[in-house]
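Data file: protein32.cif. Format and content: mmCIF, C-alpha atoms and all ligand atoms.
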```cif
data_model
#
loop_
_atom_site.label_atom_id
_atom_site.label_comp_id
_atom_site.auth_asym_id
_atom_site.auth_seq_id
_atom_site.Cartn_x
_atom_site.Cartn_y
_atom_site.Cartn_z
CA MET Z 1 117.87 -11.20 72.06
CA LYS Z 2 114.96 -13.50 72.97
CA GLU Z 3 111.82 -13.34 70.85
CA SER Z 4 109.73 -12.38 73.89
CA ASP Z 5 112.07 -9.42 74.59
CA LEU Z 6 111.91 -8.32 70.96
CA LYS Z 7 108.13 -8.44 71.15
CA MET Z 8 108.14 -6.39 74.33
CA TYR Z 9 110.43 -3.70 72.85
CA ALA Z 10 108.42 -3.59 69.62
CA SER Z 11 105.25 -3.17 71.65
CA LEU Z 12 106.83 -0.41 73.75
CA MET Z 13 108.09 1.43 70.67
CA LEU Z 14 104.72 1.14 68.98
CA SER Z 15 102.82 2.49 71.95
CA GLU Z 16 105.26 5.41 72.35
CA VAL Z 17 105.01 6.30 68.64
CA ASP Z 18 101.27 5.99 68.94
CA ARG Z 19 101.14 8.19 72.03
CA THR Z 20 103.27 10.92 70.42
CA HIS Z 21 101.25 10.74 67.21
CA SER Z 22 97.91 11.10 68.96
CA LEU Z 23 99.22 13.83 71.26
CA LEU Z 24 100.38 15.83 68.22
CA ASN Z 25 97.06 15.31 66.45
CA GLU Z 26 95.08 16.29 69.52
CA LEU Z 27 97.12 19.47 70.03
CA LEU Z 28 96.85 20.31 66.34
CA PHE Z 29 93.10 19.78 66.43
CA ILE Z 30 92.66 22.06 69.41
CA SER Z 31 94.90 24.81 68.07
CA LYS Z 32 93.75 24.67 64.45
CA PRO Z 33 90.22 23.40 63.78
CA GLN Z 34 89.87 21.94 60.28
CA PRO Z 35 87.93 23.95 57.71
CA GLN Z 36 84.69 22.39 56.43
CA SER Z 37 86.19 22.54 52.92
CA ASP Z 38 88.31 19.50 53.79
CA LEU Z 39 85.20 17.33 53.72
CA LYS Z 40 85.13 14.59 51.09
CA THR Z 41 82.64 11.95 50.10
CA CYS Z 42 83.99 8.65 51.41
CA ASN Z 43 82.78 5.16 52.09
CA LEU Z 44 83.05 4.80 55.88
CA GLY Z 45 83.77 1.07 55.47
CA SER Z 46 86.84 1.88 53.35
CA ILE Z 47 88.09 4.35 55.94
CA VAL Z 48 87.89 1.62 58.59
CA MET Z 49 89.74 -0.77 56.25
CA GLU Z 50 92.51 1.79 55.75
CA VAL Z 51 93.32 1.96 59.49
CA LEU Z 52 92.85 -1.76 60.03
CA PRO Z 53 96.54 -2.71 59.43
CA ILE Z 54 97.59 -0.43 62.33
CA ILE Z 55 94.91 -1.92 64.59
CA LYS Z 56 95.82 -5.48 63.54
CA ASN Z 57 99.44 -4.84 64.45
CA HIS Z 58 98.45 -3.63 67.90
CA SER Z 59 96.17 -6.56 68.47
CA ILE Z 60 98.93 -9.03 67.60
CA LEU Z 61 101.42 -7.36 69.93
CA LYS Z 62 98.86 -6.97 72.71
CA GLU Z 63 97.44 -10.47 72.18
CA VAL Z 64 93.95 -9.16 71.58
CA GLU Z 65 91.42 -11.03 69.48
CA LEU Z 66 90.10 -8.77 66.74
CA GLU Z 67 86.60 -9.06 65.27
CA VAL Z 68 85.77 -6.85 62.33
CA SER Z 69 82.48 -6.63 60.53
CA ILE Z 70 81.97 -4.11 57.77
CA SER Z 71 78.81 -4.01 55.72
CA LYS Z 72 79.28 -4.37 51.99
CA ALA Z 73 76.60 -1.74 51.42
CA PRO Z 74 78.01 1.62 50.25
CA MET Z 75 78.15 3.81 53.35
CA LEU Z 76 78.82 7.23 51.89
CA VAL Z 77 79.49 10.06 54.30
CA GLN Z 78 80.84 13.61 54.01
CA ILE Z 79 83.90 13.60 56.24
CA ASN Z 80 87.49 14.64 56.62
CA PRO Z 81 89.03 11.15 56.24
CA GLN Z 82 92.13 11.94 58.32
CA GLN Z 83 89.99 13.10 61.21
CA VAL Z 84 87.73 10.07 61.09
CA LYS Z 85 90.80 7.82 61.05
CA GLN Z 86 91.94 9.70 64.15
CA VAL Z 87 88.55 9.03 65.76
CA ILE Z 88 88.88 5.29 65.11
CA LEU Z 89 92.49 5.14 66.32
CA ASN Z 90 91.73 7.13 69.49
CA LEU Z 91 88.87 4.79 70.36
CA THR Z 92 90.83 1.64 69.62
CA SER Z 93 93.91 2.80 71.52
CA ASN Z 94 91.72 3.46 74.60
CA ALA Z 95 90.22 -0.01 74.11
CA PHE Z 96 93.65 -1.68 73.98
CA GLU Z 97 94.73 0.15 77.13
CA ALA Z 98 91.52 -0.80 78.94
CA MET Z 99 92.20 -4.49 78.26
CA ASP Z 100 95.83 -4.44 79.43
CA ASN Z 101 95.29 -6.51 82.57
CA CYS Z 102 92.21 -8.45 81.51
CA SER Z 103 92.08 -12.17 80.83
CA LYS Z 104 89.51 -11.88 78.02
CA LYS Z 105 90.75 -9.49 75.35
CA THR Z 106 88.47 -8.93 72.39
CA LEU Z 107 88.19 -5.80 70.30
CA SER Z 108 85.22 -5.61 67.99
CA ILE Z 109 84.72 -3.10 65.20
CA LYS Z 110 81.43 -2.93 63.31
CA CYS Z 111 80.32 -0.57 60.60
CA PHE Z 112 76.88 -0.84 59.00
CA PRO Z 113 73.97 1.24 57.75
CA LEU Z 114 70.90 1.41 60.02
CA PRO Z 115 67.68 -0.07 58.60
CA CYS Z 116 66.30 3.45 58.07
CA GLY Z 117 68.96 3.75 55.37
CA SER Z 118 70.05 7.31 56.12
CA LYS Z 119 72.34 6.69 59.11
CA ILE Z 120 75.66 4.87 59.30
CA ARG Z 121 76.69 3.31 62.60
CA LEU Z 122 80.25 2.62 63.76
CA GLU Z 123 80.66 0.54 66.92
CA ILE Z 124 83.93 -0.09 68.74
CA SER Z 125 83.69 -2.47 71.68
CA ASP Z 126 86.19 -3.99 74.08
CA THR Z 127 86.15 -6.49 76.91
CA GLY Z 128 88.27 -4.24 79.12
CA LYS Z 129 87.88 -2.98 82.65
CA GLY Z 130 84.88 -0.77 81.82
CA ILE Z 131 84.03 2.76 82.97
CA PRO Z 132 82.27 3.26 86.31
CA CYS Z 133 78.82 4.87 85.91
CA HIS Z 134 79.76 8.07 87.74
CA LEU Z 135 82.66 8.69 85.33
CA GLN Z 136 80.79 8.02 82.09
CA GLU Z 137 79.57 11.61 81.76
CA LYS Z 138 83.06 12.98 82.44
CA ILE Z 139 85.08 11.04 79.87
CA PHE Z 140 84.37 13.46 77.01
CA GLU Z 141 85.56 16.49 79.01
CA PRO Z 142 88.93 17.99 78.00
CA PHE Z 143 91.82 16.81 80.18
CA PHE Z 144 89.77 14.16 81.97
CA SER Z 145 91.96 11.08 82.33
CA THR Z 146 92.24 8.21 84.79
CA LYS Z 147 95.65 7.27 83.39
CA GLU Z 148 99.07 8.00 84.85
CA GLU Z 149 100.36 11.47 84.01
CA LYS Z 150 102.60 10.39 81.13
CA LYS Z 151 100.12 7.90 79.66
CA GLY Z 152 97.04 10.02 79.17
CA THR Z 153 96.33 13.59 78.12
CA GLY Z 154 92.59 13.34 78.58
CA LEU Z 155 92.15 14.93 75.14
CA GLY Z 156 91.39 11.83 73.05
CA LEU Z 157 87.64 11.55 73.62
CA TYR Z 158 87.21 15.32 73.71
CA VAL Z 159 88.68 15.52 70.21
CA VAL Z 160 86.68 12.48 69.06
CA LYS Z 161 83.41 14.05 70.26
CA ASN Z 162 84.24 17.37 68.60
CA ILE Z 163 85.03 15.71 65.27
CA VAL Z 164 81.81 13.67 65.35
CA GLU Z 165 79.65 16.63 66.36
CA GLU Z 166 81.20 18.89 63.72
CA LEU Z 167 79.91 16.32 61.23
CA ASN Z 168 76.45 16.61 62.88
CA GLY Z 169 76.91 13.07 64.14
CA LYS Z 170 76.28 11.55 67.54
CA ILE Z 171 78.53 9.62 69.88
CA TRP Z 172 77.64 7.76 73.05
CA VAL Z 173 79.03 5.10 75.33
CA LYS Z 174 77.74 2.01 77.11
CA SER Z 175 80.00 0.44 79.67
CA GLU Z 176 79.94 -1.97 82.56
CA THR Z 177 82.77 -2.26 85.07
CA GLY Z 178 84.59 -5.55 84.67
CA VAL Z 179 82.71 -6.42 81.48
CA GLY Z 180 83.71 -3.90 78.84
CA THR Z 181 82.89 -0.77 76.92
CA SER Z 182 81.23 0.08 73.61
CA PHE Z 183 81.40 3.40 71.83
CA PHE Z 184 78.71 4.12 69.23
CA ILE Z 185 78.98 6.72 66.49
CA GLU Z 186 76.18 7.61 64.12
CA LEU Z 187 76.74 9.72 61.00
CA THR Z 188 74.24 10.78 58.41
CA GLY Z 189 74.84 8.96 55.15
CA ILE Z 190 74.46 10.57 51.76
CA MET Z 191 72.75 8.97 48.84
CA ALA Z 192 74.92 7.62 46.04
CA HIS Z 193 74.45 10.25 43.32
CA SER Z 194 75.93 9.81 39.88
CA ASN Z 195 78.34 12.69 40.53
CA VAL Z 196 79.96 10.76 43.39
CA LYS Z 197 82.54 8.98 41.31
CA ASN Z 198 85.74 9.58 43.20
CA MET Z 199 84.82 7.98 46.45
CA SER Z 200 87.29 5.58 48.05
CA SER Z 201 87.22 2.12 46.55
CA ARG Z 202 87.00 -1.26 48.32
CA ALA Z 203 83.33 -0.91 49.19
CA ASP Z 204 82.76 -4.63 48.88
CA ILE Z 205 84.29 -5.92 52.09
CA ILE Z 206 81.92 -7.98 54.22
CA THR Z 207 83.93 -9.20 57.19
CA ALA Z 208 87.55 -9.40 58.15
CA SER Z 209 89.43 -10.35 61.29
N1 LIG Y 1 87.48 1.79 76.19
C1 LIG Y 1 87.62 2.31 77.41
N2 LIG Y 1 87.56 1.52 78.52
C2 LIG Y 1 87.69 2.04 79.76
N3 LIG Y 1 87.88 3.36 80.01
C3 LIG Y 1 87.94 4.19 78.96
C4 LIG Y 1 87.82 3.72 77.61
N4 LIG Y 1 87.91 4.78 76.79
C5 LIG Y 1 88.08 5.86 77.57
N5 LIG Y 1 88.11 5.51 78.88
C6 LIG Y 1 88.24 6.43 80.03
O1 LIG Y 1 88.07 7.75 79.56
C7 LIG Y 1 89.21 8.55 79.93
C8 LIG Y 1 89.41 9.64 78.88
O2 LIG Y 1 89.86 9.07 77.66
P1 LIG Y 1 90.70 9.96 76.67
O3 LIG Y 1 89.98 11.24 76.47
O4 LIG Y 1 91.02 9.16 75.47
O5 LIG Y 1 91.99 10.32 77.49
P2 LIG Y 1 93.26 9.43 77.87
O6 LIG Y 1 93.23 8.18 77.05
O7 LIG Y 1 94.42 10.30 77.51
O8 LIG Y 1 93.15 9.18 79.35
C9 LIG Y 1 90.33 7.55 80.08
O9 LIG Y 1 91.36 8.04 80.95
C10 LIG Y 1 89.62 6.35 80.69
O10 LIG Y 1 89.41 6.53 82.08
MG MG Y 2 92.86 8.16 74.98
#
```

Show me the file's structure as structure tokens.
Amino acid sequence: MKESDLKMYASLMLSEVDRTHSLLNELLFISKPQPQSDLKTCNLGSIVMEVLPIIKNHSILKEVELEVSISKAPMLVQINPQQVKQVILNLTSNAFEAMDNCSKKTLSIKCFPLPCGSKIRLEISDTGKGIPCHLQEKIFEPFFSTKEEKKGTGLGLYVVKNIVEELNGKIWVKSETGVGTSFFIELTGIMAHSNVKNMSSRADIITAS
């Protein structure tokens, strides 16, 4: 089999596994909201680093340039790590799909504390087709999708928004048709107390790509 065919099949398999995985997670989330007791103190930068191998794989197969910038400051937040990973993967999988037929394909992930010190910002931007203005207020509604029936459930951003808002965070979008889209998430950080010893490690990453 030719290398290009292998790449195509690998890409197809990956996107199908991905689709099934996110569909399952979305259905699980809707049917069984997570108890607050599952919240843990984590460094948001480390959570991003933990999902980065999956995102890197996608970007290689989809020929997308990946830019990652994670502050080395400790960005401690009270979260359910699995859910926040789901948030990141939902946003990046939308970004990859939005860039499918674009000539410029760049996915950028940034995570940094705001100067005020108490908020942590996560930004996920793509150079994809963008979201027309009149649809931007609809994208977070359950079952809203512009994708073909089998490709989109319209639950991804609904679940993302619910997860962020359950953490008392904020999410918003900026997008321009033909230019790209950025999603912004802001979570309240917690101060590094001496009793926070078991947080995830690897807090010292500055940039990666
Ligand atoms: N990064 C993006 N670029 C362009 N459109 C997007 C992006 N993210 C989301 N959208 C739009 O928002 C809709 C809803 O997204 P989502 O809730 O994840 O559902 P789905 O991906 O299953 O369609 C998508 O169908 C698409 O129209
Ligand atoms: Mg989606």

Residues within 9 Å of range 121-131 of chain Z, only C-alpha atoms, excluding chain neighbours under 2 positions, as an MDAnalysis selection string: chainID Z and resid 44 88 91:92 95:114 119 133:136 139 174:188

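Counting all atoms listed in the file, the residue from Z:Ser4, Z:Ser59, Z:Gln78, Z:Ser22 that sits nearest to Glu166 in chain Z is Z:Gln78.
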
Could you build a table of the residues in chain Z lying no more than 7 Å from ligand MG 2 (chain Y), giving for each the nearest pair of atoms and their separation in Å rounded to one decimal place, using only C-alpha atoms and all ligand atoms, ordered by chain and ascending residue number, as JSON lines?
```
{"residue": "Z:Asn90", "atom": "CA", "partner": "Y:MG2", "partner_atom": "MG", "distance": 5.7}
{"residue": "Z:Leu91", "atom": "CA", "partner": "Y:MG2", "partner_atom": "MG", "distance": 7.0}
{"residue": "Z:Ser93", "atom": "CA", "partner": "Y:MG2", "partner_atom": "MG", "distance": 6.5}
{"residue": "Z:Asn94", "atom": "CA", "partner": "Y:MG2", "partner_atom": "MG", "distance": 4.9}
{"residue": "Z:Gly152", "atom": "CA", "partner": "Y:MG2", "partner_atom": "MG", "distance": 6.2}
{"residue": "Z:Gly154", "atom": "CA", "partner": "Y:MG2", "partner_atom": "MG", "distance": 6.3}
{"residue": "Z:Leu155", "atom": "CA", "partner": "Y:MG2", "partner_atom": "MG", "distance": 6.8}
{"residue": "Z:Gly156", "atom": "CA", "partner": "Y:MG2", "partner_atom": "MG", "distance": 4.4}
{"residue": "Z:Leu157", "atom": "CA", "partner": "Y:MG2", "partner_atom": "MG", "distance": 6.4}
```

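Using all atoms listed in the file, the smallest distance between any of Z:Met1, Z:Val160, Z:Ala10, Z:Val77 and ligand LIG 1 (chain Y) comes from Z:Val160.
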
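The smallest atom-to-atom distance between Glu26 in chain Z and any of Z:Ile47, Z:Val173, Z:Ile55, Z:Leu89, using all atoms listed in the file, is found for Z:Leu89.
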
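Straight-line separation from atom N2 of ligand LIG 1 (chain Y) to CA of Lys151 in chain Z: 14.1 Å.
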
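In this structure, CA of Val159 in chain Z sits 21.5 Å away from CA of Met49 in chain Z.
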
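We find CA of Pro53 in chain Z and atom O5 of ligand LIG 1 (chain Y) to be spaced 22.7 Å apart.
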
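With only C-alpha atoms taken into account, every residue lying no more than 7 Å from the file point (87.4, 13.8, 52.5) is included here: Asp38, Leu39, Lys40, Thr41, Cys42, Gln78, Ile79, Asn80 and Pro81 of chain Z.
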
Selection near Lys150 in chain Z, 12 Å with only C-alpha atoms, sequence-local residues under 2 positions removed, as a VMD selection string: chain Z and resid 16 19 to 20 23 145 to 148 152 to 154
